[in-house]
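Below: coords-v8.tsv (TSV, N, CA and C atoms and all ligand atoms)
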chain	number	residue	atom	x	y	z
A	4	MET	N	-16.73	-4.62	-51.76
A	4	MET	CA	-16.75	-5.48	-50.57
A	4	MET	C	-15.95	-4.83	-49.44
A	5	LYS	N	-14.74	-4.39	-49.79
A	5	LYS	CA	-13.91	-3.75	-48.77
A	5	LYS	C	-14.61	-2.55	-48.16
A	6	LYS	N	-15.27	-1.79	-49.05
A	6	LYS	CA	-15.97	-0.60	-48.60
A	6	LYS	C	-17.07	-0.96	-47.59
A	7	LEU	N	-17.78	-2.04	-47.92
A	7	LEU	CA	-18.89	-2.48	-47.08
A	7	LEU	C	-18.36	-2.87	-45.70
A	8	VAL	N	-17.23	-3.59	-45.72
A	8	VAL	CA	-16.65	-4.04	-44.44
A	8	VAL	C	-16.26	-2.84	-43.59
A	9	SER	N	-15.56	-1.86	-44.20
A	9	SER	CA	-15.11	-0.74	-43.38
A	9	SER	C	-16.29	0.12	-42.93
A	10	LEU	N	-17.34	0.14	-43.77
A	10	LEU	CA	-18.55	0.88	-43.37
A	10	LEU	C	-19.20	0.24	-42.16
A	11	SER	N	-19.27	-1.10	-42.17
A	11	SER	CA	-19.92	-1.73	-41.02
A	11	SER	C	-19.04	-1.63	-39.77
A	12	ILE	N	-17.72	-1.63	-39.96
A	12	ILE	CA	-16.84	-1.43	-38.79
A	12	ILE	C	-17.08	-0.04	-38.20
A	13	ALA	N	-17.20	0.95	-39.09
A	13	ALA	CA	-17.45	2.31	-38.62
A	13	ALA	C	-18.78	2.39	-37.89
A	14	THR	N	-19.78	1.71	-38.40
A	14	THR	CA	-21.10	1.74	-37.76
A	14	THR	C	-21.03	1.12	-36.37
A	15	VAL	N	-20.34	-0.02	-36.28
A	15	VAL	CA	-20.22	-0.69	-34.98
A	15	VAL	C	-19.48	0.21	-34.00
A	16	ALA	N	-18.41	0.86	-34.48
A	16	ALA	CA	-17.64	1.74	-33.60
A	16	ALA	C	-18.51	2.90	-33.11
A	17	LEU	N	-19.29	3.45	-34.01
A	17	LEU	CA	-20.17	4.56	-33.65
A	17	LEU	C	-21.22	4.13	-32.64
A	18	MET	N	-21.81	2.96	-32.87
A	18	MET	CA	-22.82	2.47	-31.95
A	18	MET	C	-22.20	2.21	-30.58
A	19	GLY	N	-20.97	1.70	-30.60
A	19	GLY	CA	-20.27	1.44	-29.35
A	19	GLY	C	-20.09	2.73	-28.58
A	20	MET	N	-19.68	3.79	-29.28
A	20	MET	CA	-19.48	5.08	-28.64
A	20	MET	C	-20.78	5.62	-28.05
A	21	MET	N	-21.85	5.47	-28.83
A	21	MET	CA	-23.13	5.99	-28.37
A	21	MET	C	-23.59	5.26	-27.13
A	22	SER	N	-23.45	3.93	-27.12
A	22	SER	CA	-23.97	3.21	-25.97
A	22	SER	C	-23.11	3.48	-24.74
A	23	THR	N	-21.80	3.74	-24.93
A	23	THR	CA	-20.96	4.09	-23.78
A	23	THR	C	-21.45	5.41	-23.20
A	24	ALA	N	-21.70	6.40	-24.06
A	24	ALA	CA	-22.16	7.69	-23.57
A	24	ALA	C	-23.50	7.55	-22.84
A	25	GLN	N	-24.39	6.73	-23.40
A	25	GLN	CA	-25.68	6.55	-22.74
A	25	GLN	C	-25.53	5.85	-21.40
A	26	ALA	N	-24.61	4.89	-21.34
A	26	ALA	CA	-24.37	4.18	-20.08
A	26	ALA	C	-23.82	5.15	-19.04
A	27	ASP	N	-22.94	6.06	-19.47
A	27	ASP	CA	-22.36	7.03	-18.53
A	27	ASP	C	-23.44	7.96	-17.99
A	28	ILE	N	-24.34	8.39	-18.88
A	28	ILE	CA	-25.40	9.29	-18.44
A	28	ILE	C	-26.30	8.56	-17.44
A	29	LYS	N	-26.56	7.29	-17.72
A	29	LYS	CA	-27.40	6.50	-16.82
A	29	LYS	C	-26.72	6.33	-15.46
A	30	THR	N	-25.44	6.01	-15.48
A	30	THR	CA	-24.71	5.86	-14.21
A	30	THR	C	-24.72	7.18	-13.46
A	31	TYR	N	-24.47	8.26	-14.19
A	31	TYR	CA	-24.47	9.58	-13.55
A	31	TYR	C	-25.83	9.84	-12.89
A	32	ARG	N	-26.92	9.59	-13.64
A	32	ARG	CA	-28.25	9.88	-13.10
A	32	ARG	C	-28.58	9.04	-11.89
A	33	THR	N	-28.20	7.75	-11.93
A	33	THR	CA	-28.60	6.88	-10.82
A	33	THR	C	-27.66	7.01	-9.63
A	34	ALA	N	-26.35	7.23	-9.88
A	34	ALA	CA	-25.40	7.15	-8.78
A	34	ALA	C	-24.82	8.48	-8.35
A	35	CYS	N	-24.82	9.48	-9.19
A	35	CYS	CA	-24.07	10.70	-8.90
A	35	CYS	C	-24.93	11.95	-8.87
A	36	ALA	N	-26.05	11.93	-9.61
A	36	ALA	CA	-26.84	13.15	-9.78
A	36	ALA	C	-27.42	13.66	-8.47
A	37	ALA	N	-27.73	12.75	-7.54
A	37	ALA	CA	-28.34	13.17	-6.27
A	37	ALA	C	-27.53	14.30	-5.65
A	38	CYS	N	-26.21	14.21	-5.73
A	38	CYS	CA	-25.37	15.27	-5.18
A	38	CYS	C	-24.90	16.24	-6.26
A	39	HIS	N	-24.51	15.69	-7.41
A	39	HIS	CA	-23.85	16.54	-8.40
A	39	HIS	C	-24.82	17.35	-9.26
A	40	MET	N	-26.12	17.08	-9.15
A	40	MET	CA	-27.08	17.91	-9.87
A	40	MET	C	-27.49	19.09	-9.01
A	41	THR	N	-27.57	18.87	-7.70
A	41	THR	CA	-28.08	19.89	-6.79
A	41	THR	C	-26.97	20.66	-6.09
A	42	GLY	N	-25.76	20.08	-6.07
A	42	GLY	CA	-24.68	20.69	-5.30
A	42	GLY	C	-24.81	20.34	-3.82
A	43	ALA	N	-25.52	19.25	-3.50
A	43	ALA	CA	-25.67	18.81	-2.10
A	43	ALA	C	-24.31	18.58	-1.48
A	44	ALA	N	-24.16	18.95	-0.22
A	44	ALA	CA	-22.91	18.77	0.52
A	44	ALA	C	-21.73	19.45	-0.18
A	45	ASN	N	-22.04	20.51	-0.95
A	45	ASN	CA	-21.01	21.24	-1.71
A	45	ASN	C	-20.38	20.44	-2.83
A	46	ALA	N	-21.10	19.49	-3.38
A	46	ALA	CA	-20.59	18.76	-4.54
A	46	ALA	C	-20.52	19.72	-5.73
A	47	PRO	N	-19.45	19.65	-6.53
A	47	PRO	CA	-19.40	20.49	-7.74
A	47	PRO	C	-20.51	20.06	-8.70
A	48	LYS	N	-21.36	21.01	-9.10
A	48	LYS	CA	-22.50	20.69	-9.96
A	48	LYS	C	-22.07	20.39	-11.39
A	49	LEU	N	-22.80	19.46	-12.02
A	49	LEU	CA	-22.56	19.16	-13.43
A	49	LEU	C	-22.79	20.44	-14.23
A	50	GLY	N	-21.83	20.81	-15.07
A	50	GLY	CA	-21.98	21.99	-15.92
A	50	GLY	C	-21.49	23.27	-15.27
A	51	ASP	N	-21.12	23.22	-13.98
A	51	ASP	CA	-20.64	24.42	-13.28
A	51	ASP	C	-19.13	24.57	-13.53
A	52	LYS	N	-18.83	25.34	-14.58
A	52	LYS	CA	-17.44	25.45	-15.01
A	52	LYS	C	-16.53	25.96	-13.91
A	53	ALA	N	-16.99	26.96	-13.17
A	53	ALA	CA	-16.14	27.56	-12.13
A	53	ALA	C	-15.83	26.55	-11.03
A	54	ALA	N	-16.80	25.71	-10.71
A	54	ALA	CA	-16.58	24.72	-9.65
A	54	ALA	C	-15.64	23.61	-10.12
A	55	TRP	N	-15.70	23.30	-11.42
A	55	TRP	CA	-14.90	22.19	-11.92
A	55	TRP	C	-13.49	22.59	-12.34
A	56	ALA	N	-13.32	23.85	-12.79
A	56	ALA	CA	-12.02	24.24	-13.36
A	56	ALA	C	-10.83	23.89	-12.46
A	57	PRO	N	-10.86	24.28	-11.16
A	57	PRO	CA	-9.69	23.96	-10.33
A	57	PRO	C	-9.53	22.46	-10.12
A	58	ARG	N	-10.63	21.71	-10.16
A	58	ARG	CA	-10.54	20.26	-9.98
A	58	ARG	C	-9.97	19.61	-11.24
A	59	ILE	N	-10.44	20.10	-12.42
A	59	ILE	CA	-9.96	19.55	-13.68
A	59	ILE	C	-8.44	19.72	-13.79
A	60	LYS	N	-7.96	20.84	-13.24
A	60	LYS	CA	-6.51	21.10	-13.27
A	60	LYS	C	-5.69	20.02	-12.57
A	61	THR	N	-6.28	19.36	-11.59
A	61	THR	CA	-5.53	18.32	-10.87
A	61	THR	C	-5.35	17.07	-11.73
A	62	GLY	N	-6.07	16.99	-12.84
A	62	GLY	CA	-5.89	15.88	-13.78
A	62	GLY	C	-6.93	14.78	-13.60
A	63	MET	N	-7.20	14.08	-14.69
A	63	MET	CA	-8.20	13.02	-14.69
A	63	MET	C	-7.90	11.94	-13.66
A	64	ASP	N	-6.61	11.57	-13.53
A	64	ASP	CA	-6.28	10.47	-12.61
A	64	ASP	C	-6.68	10.82	-11.19
A	65	ALA	N	-6.40	12.06	-10.79
A	65	ALA	CA	-6.73	12.49	-9.43
A	65	ALA	C	-8.24	12.49	-9.23
A	66	LEU	N	-8.99	12.95	-10.24
A	66	LEU	CA	-10.45	13.00	-10.13
A	66	LEU	C	-11.04	11.60	-10.03
A	67	VAL	N	-10.55	10.72	-10.88
A	67	VAL	CA	-11.05	9.34	-10.88
A	67	VAL	C	-10.73	8.69	-9.53
A	68	ASN	N	-9.52	8.95	-9.05
A	68	ASN	CA	-9.09	8.41	-7.77
A	68	ASN	C	-10.00	8.89	-6.63
A	69	SER	N	-10.35	10.19	-6.64
A	69	SER	CA	-11.27	10.71	-5.61
A	69	SER	C	-12.63	10.04	-5.71
A	70	ALA	N	-13.10	9.85	-6.95
A	70	ALA	CA	-14.43	9.27	-7.12
A	70	ALA	C	-14.44	7.80	-6.67
A	71	ILE	N	-13.35	7.10	-6.89
A	71	ILE	CA	-13.29	5.69	-6.50
A	71	ILE	C	-13.12	5.56	-4.98
A	72	LYS	N	-12.25	6.38	-4.42
A	72	LYS	CA	-11.94	6.23	-2.99
A	72	LYS	C	-12.80	7.11	-2.09
A	73	GLY	N	-13.48	8.10	-2.70
A	73	GLY	CA	-14.27	9.03	-1.90
A	73	GLY	C	-13.44	10.26	-1.57
A	74	LYS	N	-14.13	11.37	-1.35
A	74	LYS	CA	-13.43	12.61	-0.98
A	74	LYS	C	-14.40	13.47	-0.19
A	75	GLY	N	-13.96	14.01	0.94
A	75	GLY	CA	-14.82	14.86	1.75
A	75	GLY	C	-16.15	14.16	2.05
A	76	ALA	N	-17.26	14.80	1.65
A	76	ALA	CA	-18.59	14.25	1.93
A	76	ALA	C	-19.01	13.18	0.92
A	77	MET	N	-18.16	12.93	-0.08
A	77	MET	CA	-18.53	11.92	-1.09
A	77	MET	C	-18.02	10.55	-0.67
A	78	PRO	N	-18.93	9.59	-0.52
A	78	PRO	CA	-18.48	8.23	-0.18
A	78	PRO	C	-17.79	7.59	-1.39
A	79	PRO	N	-16.96	6.55	-1.16
A	79	PRO	CA	-16.33	5.86	-2.30
A	79	PRO	C	-17.38	5.48	-3.34
A	80	LYS	N	-17.07	5.73	-4.61
A	80	LYS	CA	-17.96	5.44	-5.74
A	80	LYS	C	-19.36	6.03	-5.55
A	81	GLY	N	-19.44	7.15	-4.85
A	81	GLY	CA	-20.74	7.77	-4.60
A	81	GLY	C	-21.67	6.85	-3.82
A	82	GLY	N	-21.09	5.84	-3.16
A	82	GLY	CA	-21.89	4.91	-2.37
A	82	GLY	C	-22.35	3.69	-3.15
A	83	ARG	N	-22.02	3.64	-4.45
A	83	ARG	CA	-22.44	2.50	-5.28
A	83	ARG	C	-21.27	1.56	-5.48
A	84	MET	N	-21.05	0.70	-4.51
A	84	MET	CA	-19.87	-0.16	-4.58
A	84	MET	C	-19.97	-1.21	-5.69
A	85	ASN	N	-21.17	-1.37	-6.27
A	85	ASN	CA	-21.33	-2.32	-7.37
A	85	ASN	C	-20.76	-1.79	-8.69
A	86	LEU	N	-20.47	-0.49	-8.75
A	86	LEU	CA	-19.89	0.06	-9.99
A	86	LEU	C	-18.42	-0.34	-10.09
A	87	THR	N	-18.00	-0.65	-11.33
A	87	THR	CA	-16.59	-0.99	-11.52
A	87	THR	C	-15.77	0.30	-11.62
A	88	ASP	N	-14.45	0.16	-11.42
A	88	ASP	CA	-13.56	1.32	-11.55
A	88	ASP	C	-13.68	1.93	-12.95
A	89	ASP	N	-13.84	1.07	-13.96
A	89	ASP	CA	-13.98	1.56	-15.34
A	89	ASP	C	-15.26	2.37	-15.52
A	90	GLN	N	-16.33	1.92	-14.90
A	90	GLN	CA	-17.59	2.69	-14.98
A	90	GLN	C	-17.41	4.05	-14.32
A	91	ILE	N	-16.74	4.08	-13.18
A	91	ILE	CA	-16.50	5.35	-12.49
A	91	ILE	C	-15.66	6.26	-13.39
A	92	LYS	N	-14.61	5.68	-13.96
A	92	LYS	CA	-13.70	6.45	-14.80
A	92	LYS	C	-14.46	7.08	-15.96
A	93	SER	N	-15.30	6.31	-16.64
A	93	SER	CA	-15.95	6.88	-17.81
A	93	SER	C	-17.08	7.84	-17.40
A	94	THR	N	-17.65	7.63	-16.21
A	94	THR	CA	-18.67	8.59	-15.74
A	94	THR	C	-18.01	9.91	-15.34
A	95	VAL	N	-16.82	9.84	-14.73
A	95	VAL	CA	-16.09	11.07	-14.41
A	95	VAL	C	-15.76	11.82	-15.70
A	96	ALA	N	-15.34	11.07	-16.74
A	96	ALA	CA	-15.03	11.71	-18.02
A	96	ALA	C	-16.26	12.42	-18.57
A	97	TYR	N	-17.42	11.78	-18.44
A	97	TYR	CA	-18.67	12.41	-18.90
A	97	TYR	C	-18.94	13.70	-18.11
A	98	MET	N	-18.77	13.64	-16.79
A	98	MET	CA	-19.05	14.81	-15.95
A	98	MET	C	-18.08	15.95	-16.27
A	99	VAL	N	-16.81	15.60	-16.44
A	99	VAL	CA	-15.79	16.61	-16.75
A	99	VAL	C	-16.09	17.25	-18.11
A	100	ASP	N	-16.41	16.42	-19.11
A	100	ASP	CA	-16.71	16.94	-20.45
A	100	ASP	C	-17.91	17.88	-20.42
A	101	ALA	N	-18.88	17.58	-19.56
A	101	ALA	CA	-20.09	18.39	-19.49
A	101	ALA	C	-19.88	19.65	-18.65
A	102	SER	N	-18.70	19.78	-18.06
A	102	SER	CA	-18.47	20.88	-17.11
A	102	SER	C	-17.30	21.77	-17.49
A	103	LYS	N	-16.84	21.71	-18.76
A	103	LYS	CA	-15.76	22.62	-19.14
A	103	LYS	C	-16.10	23.36	-20.42
B	1	LIG	C1	-23.36	11.82	-1.37
B	1	LIG	C2	-23.16	12.85	-2.38
B	1	LIG	C3	-22.30	12.47	-3.59
B	1	LIG	C4	-22.51	11.45	-4.50
B	1	LIG	C5	-23.63	10.43	-4.52
B	1	LIG	C6	-21.44	11.57	-5.48
B	1	LIG	N1	-20.61	12.62	-5.18
B	1	LIG	FE1	-18.96	13.21	-6.21
B	1	LIG	N2	-18.62	14.67	-4.84
B	1	LIG	C7	-19.42	14.95	-3.74
B	1	LIG	C8	-18.81	16.04	-2.96
B	1	LIG	C9	-19.37	16.65	-1.69
B	1	LIG	C10	-17.63	16.40	-3.64
B	1	LIG	C11	-16.59	17.45	-3.22
B	1	LIG	C12	-15.56	16.74	-2.36
B	1	LIG	C13	-14.53	17.67	-1.80
B	1	LIG	O1	-13.81	18.33	-2.59
B	1	LIG	O2	-14.39	17.74	-0.57
B	1	LIG	C14	-17.53	15.53	-4.82
B	1	LIG	C15	-16.50	15.58	-5.75
B	1	LIG	C16	-16.41	14.78	-6.89
B	1	LIG	C17	-15.36	14.85	-7.86
B	1	LIG	C18	-14.17	15.80	-7.82
B	1	LIG	C19	-13.10	15.12	-7.00
B	1	LIG	C20	-11.86	15.97	-6.81
B	1	LIG	O3	-10.78	15.37	-6.65
B	1	LIG	O4	-11.94	17.20	-6.80
B	1	LIG	C21	-15.62	13.91	-8.80
B	1	LIG	C22	-14.79	13.58	-10.03
B	1	LIG	C23	-16.83	13.24	-8.41
B	1	LIG	N3	-17.29	13.80	-7.24
B	1	LIG	C24	-17.42	12.22	-9.12
B	1	LIG	C25	-18.55	11.51	-8.71
B	1	LIG	C26	-19.11	10.40	-9.43
B	1	LIG	C27	-18.57	9.84	-10.72
B	1	LIG	C28	-20.21	9.99	-8.71
B	1	LIG	C29	-21.15	8.85	-9.05
B	1	LIG	C30	-20.56	7.54	-9.21
B	1	LIG	C31	-20.32	10.85	-7.54
B	1	LIG	N4	-19.30	11.76	-7.58
B	1	LIG	C32	-21.30	10.73	-6.57
B	1	LIG	C33	-20.59	14.31	-3.39
B	1	LIG	C34	-21.11	13.20	-4.02

Using structure tokens, write down the structure from this file.
Amino acid sequence: MKKLVSLSIATVALMGMMSTAQADIKTYRTACAACHMTGAANAPKLGDKAAWAPRIKTGMDALVNSAIKGKGAMPPKGGRMNLTDDQIKSTVAYMVDASK
């Protein structure tokens, strides 16, 4: 019984992780890819290690802060004010992970 319980907890945790990752990819595609896929307006491209390395060095907090408040040609939250700060934070984490 105990085994079954911990197994189902593990399954739920795994499913939770998967759906978070999928949600981040979806947010990225709908709200961020227009600039971050093409490098429009000099946006650092997803997967471009050289473009991201100096930014990653400034730390996650600074990156999340830029994404929430806007930076240079990037409007606050990429122009999607309906996104929550948490959604931005986890989408930035997805972009950073895909770019180092
Ligand atoms: C209108 C185009 C545009 C959209 C849409 C956009 N960005 Fe950006 N983003 C940029 C540009 C341009 C920069 C470079 C800003 C600079 O350094 O001057 C940037 C930089 C960043 C950085 C690095 C910030 C730093 O401090 O170096 C992060 C993180 C980021 N964007 C996340 C996001 C996320 C997350 C989204 C979607 C919610 C998004 N961006 C949508 C144009 C965009």

Against ligand LIG 1 (chain B), which residues of chain A fall within 7 Å? For each one I want the closest pair of atoms and the distance in Å (one decimal), counting only C-alpha atoms and all ligand atoms, rows by chain and increasing residue number, as CSV.
residue,atom,partner,partner_atom,distance
A:Thr30,CA,B:LIG1,C30,6.7
A:Tyr31,CA,B:LIG1,C29,5.6
A:Ala34,CA,B:LIG1,C29,4.6
A:Cys35,CA,B:LIG1,C29,3.5
A:Ala36,CA,B:LIG1,C5,6.7
A:Ala37,CA,B:LIG1,C5,5.7
A:Cys38,CA,B:LIG1,C2,4.3
A:His39,CA,B:LIG1,N1,6.0
A:Ala43,CA,B:LIG1,C2,6.5
A:Ala44,CA,B:LIG1,C9,4.7
A:Asn45,CA,B:LIG1,C9,4.9
A:Ala46,CA,B:LIG1,C8,3.6
A:Pro47,CA,B:LIG1,C15,6.0
A:Arg58,CA,B:LIG1,O4,4.6
A:Ala65,CA,B:LIG1,O3,5.7
A:Leu66,CA,B:LIG1,O3,4.2
A:Val67,CA,B:LIG1,C22,5.7
A:Ser69,CA,B:LIG1,O3,4.8
A:Ala70,CA,B:LIG1,C24,4.7
A:Lys74,CA,B:LIG1,C12,4.8
A:Gly75,CA,B:LIG1,O2,3.7
A:Ala76,CA,B:LIG1,C9,4.4
A:Met77,CA,B:LIG1,C33,3.9
A:Pro78,CA,B:LIG1,C1,6.2
A:Lys80,CA,B:LIG1,C30,4.8
A:Gly81,CA,B:LIG1,C32,3.6
A:Gly82,CA,B:LIG1,C5,6.2
A:Arg83,CA,B:LIG1,C30,6.7
A:Ile91,CA,B:LIG1,C27,5.3
A:Thr94,CA,B:LIG1,C27,5.2
A:Val95,CA,B:LIG1,C27,4.6

Legend entry - Pairwise distance for atom N of Asp27 (chain A) and atom C of Ala56 (chain A), rounded to one decimal in Å: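 These atoms are spaced 22.7 Å apart.
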
Inset, instruction - Rounded to one decimal place, report the atom C of Ile71 (chain A)-atom N of Ser93 (chain A) distance in Å. - result: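 Computing the Euclidean distance for atom C of Ile71 (chain A) and atom N of Ser93 (chain A) yields 11.9 Å.
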
Legend entry - Counting only C-alpha atoms, the residue of A:Pro79, A:Ala26, A:Ser11, A:Val99 that sits nearest Lys60 (chain A):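 Counting only C-alpha atoms, the residue closest to Lys60 (chain A) is A:Val99.
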
Inset, instruction - Just give me the gap between CA of Met84 (chain A) and CA of Lys52 (chain A) in Å, one decimal is fine. - result: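 It comes out at 27.8 Å.
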
Legend entry - From A:Gly73, A:Lys29, A:Pro57, A:Met63, residue lying nearest Ala96 (chain A) [only C-alpha atoms]: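 Looking only at the distances to Ala96 (chain A), the closest residue turns out to be A:Met63.
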
Inset, instruction - Using DSSP on the backbone coordinates, identify all residues within chain A classified as alpha helix (DSSP H); present the result as JSON, numbers by chain. - result: {"A": [5, 6, 7, 8, 9, 10, 11, 12, 13, 14, 15, 16, 17, 18, 19, 20, 21, 22, 23, 24, 25, 26, 27, 28, 29, 30, 36, 37, 38, 39, 52, 53, 54, 55, 56, 57, 58, 59, 60, 63, 64, 65, 66, 67, 68, 69, 70, 71, 72, 88, 89, 90, 91, 92, 93, 94, 95, 96, 97, 98, 99, 100]}
